[in-house]
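Below: protein-v1.txt (compact mmCIF, C-alpha atoms and all ligand atoms)
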```txt
# COMPACT_ATOMS: atom_id res chain seq x y z
CA MET W 1 47.65 28.71 -19.69
CA LYS W 2 47.71 25.33 -21.36
CA HIS W 3 44.47 24.39 -19.60
CA LYS W 4 42.78 27.50 -20.84
CA ARG W 5 43.66 26.63 -24.42
CA ILE W 6 42.31 23.13 -24.08
CA LEU W 7 39.12 24.50 -22.59
CA THR W 8 38.72 26.91 -25.51
CA VAL W 9 39.15 24.08 -27.98
CA ILE W 10 36.59 21.93 -26.16
CA LEU W 11 34.15 24.83 -26.08
CA ALA W 12 34.62 25.53 -29.76
CA LEU W 13 34.10 21.85 -30.57
CA SER W 14 30.96 21.69 -28.43
CA VAL W 15 29.49 24.72 -30.18
CA ALA W 16 30.26 23.18 -33.55
CA LEU W 17 28.69 19.90 -32.44
CA ILE W 18 25.58 21.60 -31.10
CA SER W 19 25.07 23.62 -34.28
CA CYS W 20 25.58 20.41 -36.22
CA VAL W 21 22.75 18.52 -34.53
CA ALA W 22 20.34 21.43 -34.11
CA PRO W 23 16.78 20.65 -35.25
CA GLN W 24 16.06 21.84 -38.74
CA THR W 25 12.29 22.09 -38.68
CA LYS W 26 10.24 24.88 -37.21
CA ARG W 27 9.30 24.45 -33.58
CA VAL W 28 5.57 24.17 -32.83
CA GLU W 29 4.46 27.33 -31.10
CA LEU W 30 2.81 26.96 -27.71
CA SER W 31 1.43 29.65 -25.47
CA ASP W 32 2.16 29.68 -21.73
CA GLU W 33 -1.56 29.30 -21.17
CA MET W 34 -1.70 26.09 -23.17
CA VAL W 35 1.27 24.66 -21.30
CA LEU W 36 -0.30 25.53 -17.94
CA GLU W 37 -3.58 23.95 -18.99
CA GLU W 38 -1.83 20.73 -20.02
CA THR W 39 0.21 20.69 -16.80
CA LYS W 40 -3.04 20.82 -14.83
CA LYS W 41 -4.56 18.02 -16.91
CA GLN W 42 -1.54 15.79 -16.29
CA SER W 43 -1.59 16.58 -12.59
CA VAL W 44 -5.24 15.49 -12.41
CA ILE W 45 -4.46 12.21 -14.20
CA ALA W 46 -1.44 11.55 -11.98
CA LEU W 47 -3.40 12.20 -8.78
CA GLN W 48 -6.32 10.06 -9.92
CA SER W 49 -3.94 7.22 -10.70
CA LEU W 50 -2.33 7.56 -7.26
CA MET W 51 -5.76 7.51 -5.60
CA ASP W 52 -6.76 4.47 -7.68
CA ASP W 53 -3.72 2.62 -6.33
CA TRP W 54 -4.60 3.50 -2.73
CA THR W 55 -8.23 2.54 -3.24
CA LEU W 56 -7.34 -0.79 -4.82
CA VAL W 57 -4.79 -1.73 -2.19
CA ARG W 58 -7.17 -0.86 0.66
CA ARG W 59 -10.19 -2.57 -0.86
CA VAL W 60 -8.22 -5.78 -1.39
CA SER W 61 -6.33 -5.70 1.91
CA TYR W 62 -9.21 -4.87 4.26
CA PRO W 63 -10.94 -8.28 4.18
CA ILE W 64 -7.56 -9.94 4.68
CA LEU W 65 -6.68 -7.69 7.62
CA SER W 66 -10.04 -8.38 9.23
CA THR W 67 -9.86 -12.15 8.68
CA ALA W 68 -6.30 -12.65 9.86
CA THR W 69 -6.73 -11.15 13.35
CA SER W 70 -6.07 -14.48 15.07
CA TYR W 71 -2.53 -14.35 13.64
CA CYS W 72 -1.87 -10.72 14.52
CA GLY W 73 -1.78 -11.02 18.31
CA GLU W 74 -1.72 -7.59 19.90
CA LYS W 75 -1.11 -5.82 16.60
CA VAL W 76 -4.81 -5.21 16.03
CA ARG W 77 -7.06 -2.16 16.07
CA ALA W 78 -10.73 -1.30 15.77
CA SER W 79 -12.05 0.01 12.48
CA PHE W 80 -15.45 0.57 10.96
CA GLY W 81 -14.20 0.73 7.39
CA ILE W 82 -13.31 4.26 6.32
CA TYR W 83 -10.11 5.95 5.19
CA PHE W 84 -9.75 9.71 5.24
CA ALA W 85 -7.39 12.61 4.48
CA ASN W 86 -7.17 16.36 4.38
CA GLN W 87 -5.24 18.55 1.96
CA ARG W 88 -2.05 18.37 4.04
CA ALA W 89 -2.02 14.60 3.73
CA PHE W 90 -1.23 14.87 0.02
CA PRO W 91 2.25 15.46 -1.36
CA LYS W 92 2.84 19.16 -1.95
CA VAL W 93 2.77 18.78 -5.70
CA PHE W 94 -0.81 17.45 -5.55
CA ARG W 95 -2.34 19.72 -2.91
CA GLU W 96 -3.85 22.21 -5.32
CA THR W 97 -5.25 19.47 -7.51
CA ALA W 98 -6.61 17.63 -4.45
CA ALA W 99 -8.49 20.79 -3.49
CA GLU W 100 -9.96 21.17 -6.97
CA LEU W 101 -10.70 17.50 -7.52
CA TYR W 102 -11.89 16.36 -4.10
CA GLY W 103 -12.61 19.65 -2.31
CA MET W 104 -9.73 18.98 0.08
CA ASP W 105 -8.97 21.66 2.66
CA ASP W 106 -8.03 21.67 6.36
CA ALA W 107 -10.89 19.38 7.37
CA LEU W 108 -10.70 15.60 7.21
CA ARG W 109 -12.79 14.01 4.47
CA ILE W 110 -13.62 10.40 3.82
CA THR W 111 -11.58 9.23 0.82
CA GLN W 112 -12.80 5.65 0.82
CA VAL W 113 -15.58 3.55 2.32
CA VAL W 114 -14.69 -0.13 2.32
CA PRO W 115 -17.47 -2.33 0.85
CA GLY W 116 -19.17 -4.67 3.30
CA THR W 117 -18.21 -2.66 6.40
CA SER W 118 -20.30 -0.94 9.04
CA ALA W 119 -19.40 2.39 7.41
CA GLU W 120 -20.99 1.32 4.15
CA ARG W 121 -24.10 0.02 5.89
CA ALA W 122 -24.42 3.35 7.74
CA GLY W 123 -24.50 5.13 4.38
CA LEU W 124 -21.18 6.98 4.73
CA ARG W 125 -19.77 8.25 1.45
CA GLN W 126 -16.54 9.42 -0.06
CA GLY W 127 -16.31 13.19 0.37
CA ASP W 128 -18.16 13.33 3.71
CA VAL W 129 -16.42 15.68 6.16
CA LEU W 130 -15.60 14.13 9.55
CA VAL W 131 -17.11 16.34 12.28
CA SER W 132 -17.09 14.36 15.53
CA VAL W 133 -17.07 10.90 17.06
CA ASP W 134 -19.12 10.38 20.23
CA GLY W 135 -19.26 14.16 20.57
CA GLN W 136 -15.50 14.62 20.34
CA GLU W 137 -14.51 16.88 17.48
CA PHE W 138 -12.18 15.71 14.76
CA PRO W 139 -8.96 17.74 14.48
CA THR W 140 -8.15 19.86 11.42
CA GLY W 141 -4.96 21.28 9.93
CA ASP W 142 -1.35 20.14 9.81
CA GLN W 143 -1.47 17.38 12.42
CA ALA W 144 -5.04 16.29 11.75
CA MET W 145 -4.17 12.85 10.35
CA LYS W 146 -2.01 11.87 13.29
CA GLU W 147 -4.39 13.31 15.89
CA ALA W 148 -7.46 11.73 14.30
CA ASP W 149 -5.69 8.39 14.30
CA GLU W 150 -5.04 8.73 18.04
CA LEU W 151 -8.62 9.85 18.65
CA LEU W 152 -10.02 6.81 16.86
CA ARG W 153 -7.59 4.44 18.55
CA ASN W 154 -8.80 5.74 21.92
CA ARG W 155 -12.52 5.84 21.18
CA LEU W 156 -13.19 2.78 19.07
CA LYS W 157 -13.74 -0.63 20.62
CA ALA W 158 -14.67 -3.61 18.52
CA GLY W 159 -18.35 -4.47 18.83
CA GLU W 160 -19.26 -1.24 20.66
CA SER W 161 -21.30 1.20 18.63
CA VAL W 162 -20.15 4.82 18.34
CA SER W 163 -21.98 7.79 16.89
CA LEU W 164 -20.24 9.53 14.06
CA THR W 165 -21.22 12.99 12.87
CA ILE W 166 -20.37 13.96 9.33
CA SER W 167 -21.15 16.93 7.16
CA ARG W 168 -22.40 16.42 3.61
CA ALA W 169 -23.23 19.33 1.29
CA GLY W 170 -23.33 21.63 4.31
CA ALA W 171 -25.79 19.53 6.32
CA GLU W 172 -24.71 17.52 9.35
CA ARG W 173 -25.92 14.03 10.02
CA THR W 174 -25.12 11.52 12.72
CA VAL W 175 -24.95 7.78 12.13
CA SER W 176 -24.05 4.93 14.39
CA VAL W 177 -21.30 2.53 13.35
CA ILE W 178 -19.96 -0.64 14.96
CA PRO W 179 -16.19 -1.11 14.69
CA GLU W 180 -14.62 -4.52 14.14
CA THR W 181 -11.11 -5.77 14.86
CA ILE W 182 -8.57 -5.73 12.04
CA CYS W 183 -4.83 -6.41 11.91
CA ASP W 184 -2.90 -3.20 12.50
CA TYR W 185 -0.61 -3.50 9.49
CA PRO W 186 -1.49 -0.72 7.05
CA VAL W 187 -0.93 -1.66 3.43
CA ILE W 188 0.73 1.09 1.39
CA PRO W 189 1.31 1.36 -2.36
CA THR W 190 4.88 2.58 -2.76
CA PRO W 191 6.57 4.26 -5.72
CA GLY W 192 8.90 2.14 -7.79
CA ASP W 193 8.60 -0.10 -10.81
CA ARG W 194 9.96 -3.33 -9.40
CA VAL W 195 7.62 -6.30 -9.18
CA ASN W 196 7.96 -6.37 -5.44
CA ALA W 197 6.26 -6.14 -2.07
CA PHE W 198 7.66 -5.82 1.44
CA ALA W 199 6.85 -6.37 5.07
CA ASP W 200 8.68 -4.38 7.73
CA GLY W 201 7.08 -5.70 10.90
CA ARG W 202 4.73 -2.73 11.07
CA ARG W 203 3.30 -2.27 7.66
CA ILE W 204 3.17 -3.73 4.21
CA GLY W 205 4.40 -2.03 1.07
CA VAL W 206 3.33 -2.99 -2.44
CA GLU W 207 5.39 -1.38 -5.17
CA ARG W 208 3.61 0.19 -8.11
CA GLY W 209 5.40 -2.28 -10.38
CA MET W 210 3.69 -5.14 -8.55
CA LEU W 211 0.30 -3.43 -8.83
CA ARG W 212 0.80 -3.34 -12.60
CA PHE W 213 2.00 -6.94 -12.71
CA VAL W 214 -0.91 -8.64 -10.95
CA ASP W 215 -3.66 -9.72 -13.31
CA ASN W 216 -6.52 -9.35 -10.85
CA GLU W 217 -7.47 -8.64 -7.25
CA GLN W 218 -7.04 -12.29 -6.24
CA GLU W 219 -3.38 -12.11 -7.19
CA LEU W 220 -2.92 -8.89 -5.27
CA ALA W 221 -4.61 -10.57 -2.30
CA MET W 222 -1.99 -13.35 -2.49
CA VAL W 223 0.85 -10.85 -2.40
CA ILE W 224 -0.67 -8.99 0.55
CA SER W 225 -1.43 -12.20 2.46
CA HIS W 226 2.15 -13.38 1.97
CA GLU W 227 3.58 -10.13 3.35
CA LEU W 228 1.02 -10.07 6.17
CA SER W 229 2.18 -13.54 7.15
CA HIS W 230 5.77 -12.29 7.43
CA ASN W 231 4.57 -9.60 9.85
CA ALA W 232 2.08 -11.73 11.75
CA MET W 233 4.48 -14.63 12.22
CA GLY W 234 7.10 -12.23 13.57
CA HIS W 235 9.64 -12.91 10.84
CA LEU W 236 11.11 -9.50 11.26
CA ASN W 237 12.39 -8.53 14.59
CA ALA W 238 10.35 -5.38 15.14
CA LYS W 239 12.87 -4.01 17.63
CA LYS W 240 15.65 -4.16 15.12
CA THR W 241 13.75 -2.09 12.61
CA ASN W 242 12.30 0.40 15.04
CA TYR W 243 15.04 2.94 14.69
CA MET W 244 14.90 2.80 10.93
CA LEU W 245 11.18 3.36 11.04
CA GLY W 246 11.36 6.22 13.49
CA THR W 247 11.56 8.91 10.87
CA ILE W 248 8.94 7.43 8.64
CA PHE W 249 6.48 7.53 11.51
CA ASP W 250 6.78 11.29 11.63
CA ILE W 251 5.60 11.59 8.10
CA VAL W 252 2.92 8.98 8.33
CA GLY W 253 0.48 11.85 8.72
CA ALA W 254 1.14 12.50 5.11
CA VAL W 255 -0.40 9.18 4.28
CA TYR W 256 -0.62 9.87 0.61
CA GLY W 257 2.91 11.04 0.29
CA VAL W 258 4.92 8.50 2.24
CA ASN W 259 7.92 7.74 0.12
CA THR W 260 9.04 4.47 1.57
CA GLN W 261 11.29 3.43 -1.25
CA GLY W 262 14.52 4.09 0.57
CA LEU W 263 13.26 2.57 3.77
CA PHE W 264 11.98 -0.57 2.18
CA GLY W 265 15.15 -0.77 0.18
CA LYS W 266 17.09 -0.98 3.43
CA LEU W 267 14.75 -3.60 4.74
CA ALA W 268 15.07 -5.54 1.55
CA ALA W 269 18.68 -6.05 2.46
CA GLN W 270 17.61 -7.95 5.54
CA ARG W 271 16.75 -11.17 3.89
CA PHE W 272 14.22 -13.59 5.20
CA SER W 273 15.37 -17.12 5.50
CA LYS W 274 14.01 -19.76 3.16
CA GLU W 275 12.12 -21.30 6.07
CA PHE W 276 10.36 -18.01 6.76
CA GLU W 277 9.49 -17.61 3.10
CA ALA W 278 8.02 -21.09 3.01
CA GLU W 279 6.05 -20.34 6.15
CA ALA W 280 4.74 -17.07 4.69
CA ASP W 281 3.54 -18.98 1.63
CA TYR W 282 1.92 -21.65 3.77
CA VAL W 283 0.16 -19.34 6.24
CA SER W 284 -0.95 -16.90 3.53
CA LEU W 285 -2.95 -19.62 1.79
CA TYR W 286 -4.77 -20.35 5.05
CA ILE W 287 -5.51 -16.66 5.55
CA MET W 288 -6.87 -16.41 2.01
CA ALA W 289 -9.01 -19.52 2.42
CA GLN W 290 -10.39 -18.16 5.69
CA ALA W 291 -11.22 -14.89 3.92
CA GLY W 292 -13.19 -16.90 1.39
CA LEU W 293 -10.75 -16.13 -1.41
CA HIS W 294 -9.84 -18.38 -4.30
CA ILE W 295 -6.54 -20.19 -3.59
CA GLU W 296 -6.23 -22.59 -6.51
CA ASP W 297 -4.35 -20.13 -8.71
CA ALA W 298 -1.82 -19.11 -6.07
CA PRO W 299 0.90 -21.54 -7.12
CA LYS W 300 0.58 -20.49 -10.77
CA PHE W 301 0.84 -16.83 -9.84
CA TRP W 302 4.09 -17.26 -7.93
CA ARG W 303 5.46 -19.34 -10.78
CA ARG W 304 4.53 -16.65 -13.31
CA MET W 305 6.26 -14.05 -11.18
CA ALA W 306 9.43 -16.08 -10.77
CA VAL W 307 9.64 -16.87 -14.46
CA ALA W 308 8.76 -13.41 -15.75
CA HIS W 309 10.94 -11.45 -13.35
CA PRO W 310 13.87 -13.51 -12.16
CA GLY W 311 16.01 -10.36 -11.98
CA ASN W 312 13.59 -8.55 -9.74
CA ILE W 313 13.28 -11.54 -7.49
CA LYS W 314 17.02 -11.72 -7.13
CA ALA W 315 17.33 -8.03 -6.39
CA SER W 316 14.84 -8.12 -3.57
CA HIS W 317 14.30 -9.98 -0.34
CA ALA W 318 12.62 -12.53 -2.51
CA SER W 319 16.06 -13.76 -3.50
CA SER W 320 15.85 -15.96 -0.48
CA HIS W 321 12.51 -17.34 -1.57
CA PRO W 322 12.53 -21.06 -2.05
CA SER W 323 13.56 -22.04 -5.55
CA THR W 324 10.72 -21.90 -8.03
CA PRO W 325 10.05 -25.63 -8.50
CA GLU W 326 10.23 -26.28 -4.77
CA ARG W 327 8.03 -23.34 -3.99
CA PHE W 328 5.47 -24.20 -6.64
CA LEU W 329 5.16 -27.79 -5.43
CA ALA W 330 4.89 -26.76 -1.78
CA LEU W 331 2.11 -24.33 -2.65
CA GLU W 332 0.26 -26.98 -4.65
CA LYS W 333 0.46 -29.35 -1.68
CA THR W 334 -0.85 -26.67 0.66
CA VAL W 335 -3.80 -25.97 -1.63
CA GLU W 336 -4.56 -29.72 -1.55
CA GLU W 337 -4.30 -29.79 2.26
CA ILE W 338 -6.72 -26.86 2.60
CA LYS W 339 -9.18 -28.26 0.05
CA LYS W 340 -9.32 -31.52 2.00
CA LYS W 341 -10.10 -29.63 5.21
CA GLN W 342 -12.77 -27.58 3.45
CA ALA W 343 -14.38 -30.73 2.05
CA ALA W 344 -14.38 -32.37 5.50
CA ASN W 345 -15.65 -29.17 7.17
CA LEU W 346 -12.59 -29.03 9.39
CA PRO W 347 -11.34 -25.76 10.87
CA LEU W 348 -9.00 -23.92 8.49
CA GLU W 349 -5.97 -23.78 10.71
CA PRO W 350 -2.35 -24.32 9.69
CA GLU W 351 -0.62 -27.44 10.94
CA TYR W 352 1.88 -26.46 13.62
CA LYS W 353 4.98 -28.40 14.64
CA LYS W 354 4.20 -30.80 17.45
ZN ZN W 401 8.44 -13.13 1.32
```
Kindly transcribe the structure held in the file into structure tokens.
Amino acid sequence: MKHKRILTVILALSVALISCVAPQTKRVELSDEMVLEETKKQSVIALQSLMDDWTLVRRVSYPILSTATSYCGEKVRASFGIYFANQRAFPKVFRETAAELYGMDDALRITQVVPGTSAERAGLRQGDVLVSVDGQEFPTGDQAMKEADELLRNRLKAGESVSLTISRAGAERTVSVIPETICDYPVIPTPGDRVNAFADGRRIGVERGMLRFVDNEQELAMVISHELSHNAMGHLNAKKTNYMLGTIFDIVGAVYGVNTQGLFGKLAAQRFSKEFEAEADYVSLYIMAQAGLHIEDAPKFWRRMAVAHPGNIKASHASSHPSTPERFLALEKTVEEIKKKQAANLPLEPEYKK
């Protein structure tokens, strides 16, 4: 009884409060049609922005993945430089927009042709429908991404030409492409606003916050090379993480929708040791130099990150990164070491312990 009275009083107070703060001006009138129209517009912008992130990350990472193969051991695969998807590969919320914007349906379509690859030289284009490879038809439908990945893993061998049939504007054409070897560590833009990137032994995640933080593609290349080094140098015991990654592998078909935030969050808890961080810095500069990328600004970039986002660094695996001054100086020294080798025309290989 007493409770009921209290509840009544609270209710009465809430009503009074609500009526107190109610807006006093007339609400702008909007039709359902207008709202729907605007919703569609925003969905298009959101999807385009998501695709821009994927395109950027793949364009920047591909040359690194193809240069670093000597570090990647058996974790390599053959690729001729395309990425593809069908409608099912997109998160549900974007499927309708993907159909309208990119003509996505059950069939696999090329979403990106990496510059400088065999695919580009063969004249392949974004939007081409994948028909067959060496006469074997590409799958369609729900499992198409996963099955096509298996098909390509089986068929492609580095240096051996394959014939690829695509359909463009209703007409089929067959081109021949020559795959090359790249490191088998897909690089994935992940949701989240932290200035962070991760390596899990199988792939590399770059958070959206990091994509916004980097000033240019060189800086993004540094981040990716650093994470690739963690993977390539075996800093993360792959076995240990296998079970955690099991579930994510099931959804990897939905390449565009993989929400790895939780997963990477777990991994972030497994901190790398300072020694491993220093090694990732060291090896990543060699990988970048081998890829013909500019390394002089690397130390400044890591310094900028540490200074601008100390909180984020602490919250992530990066908390075990060497302290800023130490890290900066070590990077500067490595740049010097590499420059000397370049000037003397020596092979660009890291110095290993005797
Ligand atoms: Zn690291």
Which of these residues is nearest to Glu279 (chain W), using only C-alpha atoms: W:Arg304, W:Lys4, W:Lys353, W:His294?
W:Lys353
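You can rank W:Leu211, W:Ile295, W:Ala199, W:Val162 by their closest distance to ligand ZN 401 (chain W) using only C-alpha atoms and all ligand atoms, and at the top of that list sits W:Ala199.
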Could you pull the residues within 12 Å of Leu124 (chain W), counting only C-alpha atoms, minus those fewer than 3 positions along the same chain, as an MDAnalysis selection string?
chainID W and resid 80:84 109:121 127:130 164:168 173:177
Excluding Glu150 (chain W) and its own-chain neighbours fewer than 5 positions away, which residues fall within 12 Å of it when counting only C-alpha atoms? Please give them as number ranges by chain.
W: 77-78, 138-139, 143-145, 155-156, 253
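Shortest separation to ligand ZN 401 (chain W) among W:Gln290, W:Gln342, W:Thr97, W:Ser229 occurs at residue W:Ser229, atoms counted being all atoms listed in the file.
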So which one's closest to Ala171 (chain W), W:Val131, W:Glu137, W:Phe198, W:Ala98? Using all atoms listed in the file, please.
W:Val131
For Ile188 (chain W), the nearest of the candidates W:Val57, W:Ala85, W:Glu100, W:Ala344, counting all atoms listed in the file
W:Val57
Hey, which of W:Ala197, W:Ala158, W:Val133, W:Ile178 ends up closest to ligand ZN 401 (chain W)? Count all atoms listed in the file.
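So, comparing all the options, the nearest one is W:Ala197.
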Kindly extract all protein, DNA and RNA residues lying within 8 Å of the coordinates (2.3, -11.8, 13.6) given in the file, considering all atoms listed in the file, and supply them as a VMD selection string.
chain W and resid 71 to 73 75 228 to 235
Keeping C-alpha atoms for every residue in the selection just given, could you write it to a file as a PDB file, keeping the file's coordinate frame?
```
ATOM      1  CA  TYR W  71      -2.530 -14.350  13.640  1.00  0.00           C
ATOM      2  CA  CYS W  72      -1.870 -10.720  14.520  1.00  0.00           C
ATOM      3  CA  GLY W  73      -1.780 -11.020  18.310  1.00  0.00           C
ATOM      4  CA  LYS W  75      -1.110  -5.820  16.600  1.00  0.00           C
ATOM      5  CA  LEU W 228       1.020 -10.070   6.170  1.00  0.00           C
ATOM      6  CA  SER W 229       2.180 -13.540   7.150  1.00  0.00           C
ATOM      7  CA  HIS W 230       5.770 -12.290   7.430  1.00  0.00           C
ATOM      8  CA  ASN W 231       4.570  -9.600   9.850  1.00  0.00           C
ATOM      9  CA  ALA W 232       2.080 -11.730  11.750  1.00  0.00           C
ATOM     10  CA  MET W 233       4.480 -14.630  12.220  1.00  0.00           C
ATOM     11  CA  GLY W 234       7.100 -12.230  13.570  1.00  0.00           C
ATOM     12  CA  HIS W 235       9.640 -12.910  10.840  1.00  0.00           C
TER      13      HIS W 235
END
```
Report the distance between CA of Val335 (chain W) and CA of Gly209 (chain W) in Å, rounded to one decimal place.
26.9 Å
Atom-to-atom span, CA of Asp281 (chain W) and CA of His226 (chain W), Å
5.8 Å
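Separating CA of Asn86 (chain W) from CA of Trp54 (chain W) is a distance of 14.9 Å.
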Which residues are close to Tyr282 (chain W), i.e. within 10 Å by only C-alpha atoms, leaving aside same-chain residues fewer than 6 positions away? Reply as a PyMOL selection string.
chain W and resi 226+229+276+330-331+333-335+350-351
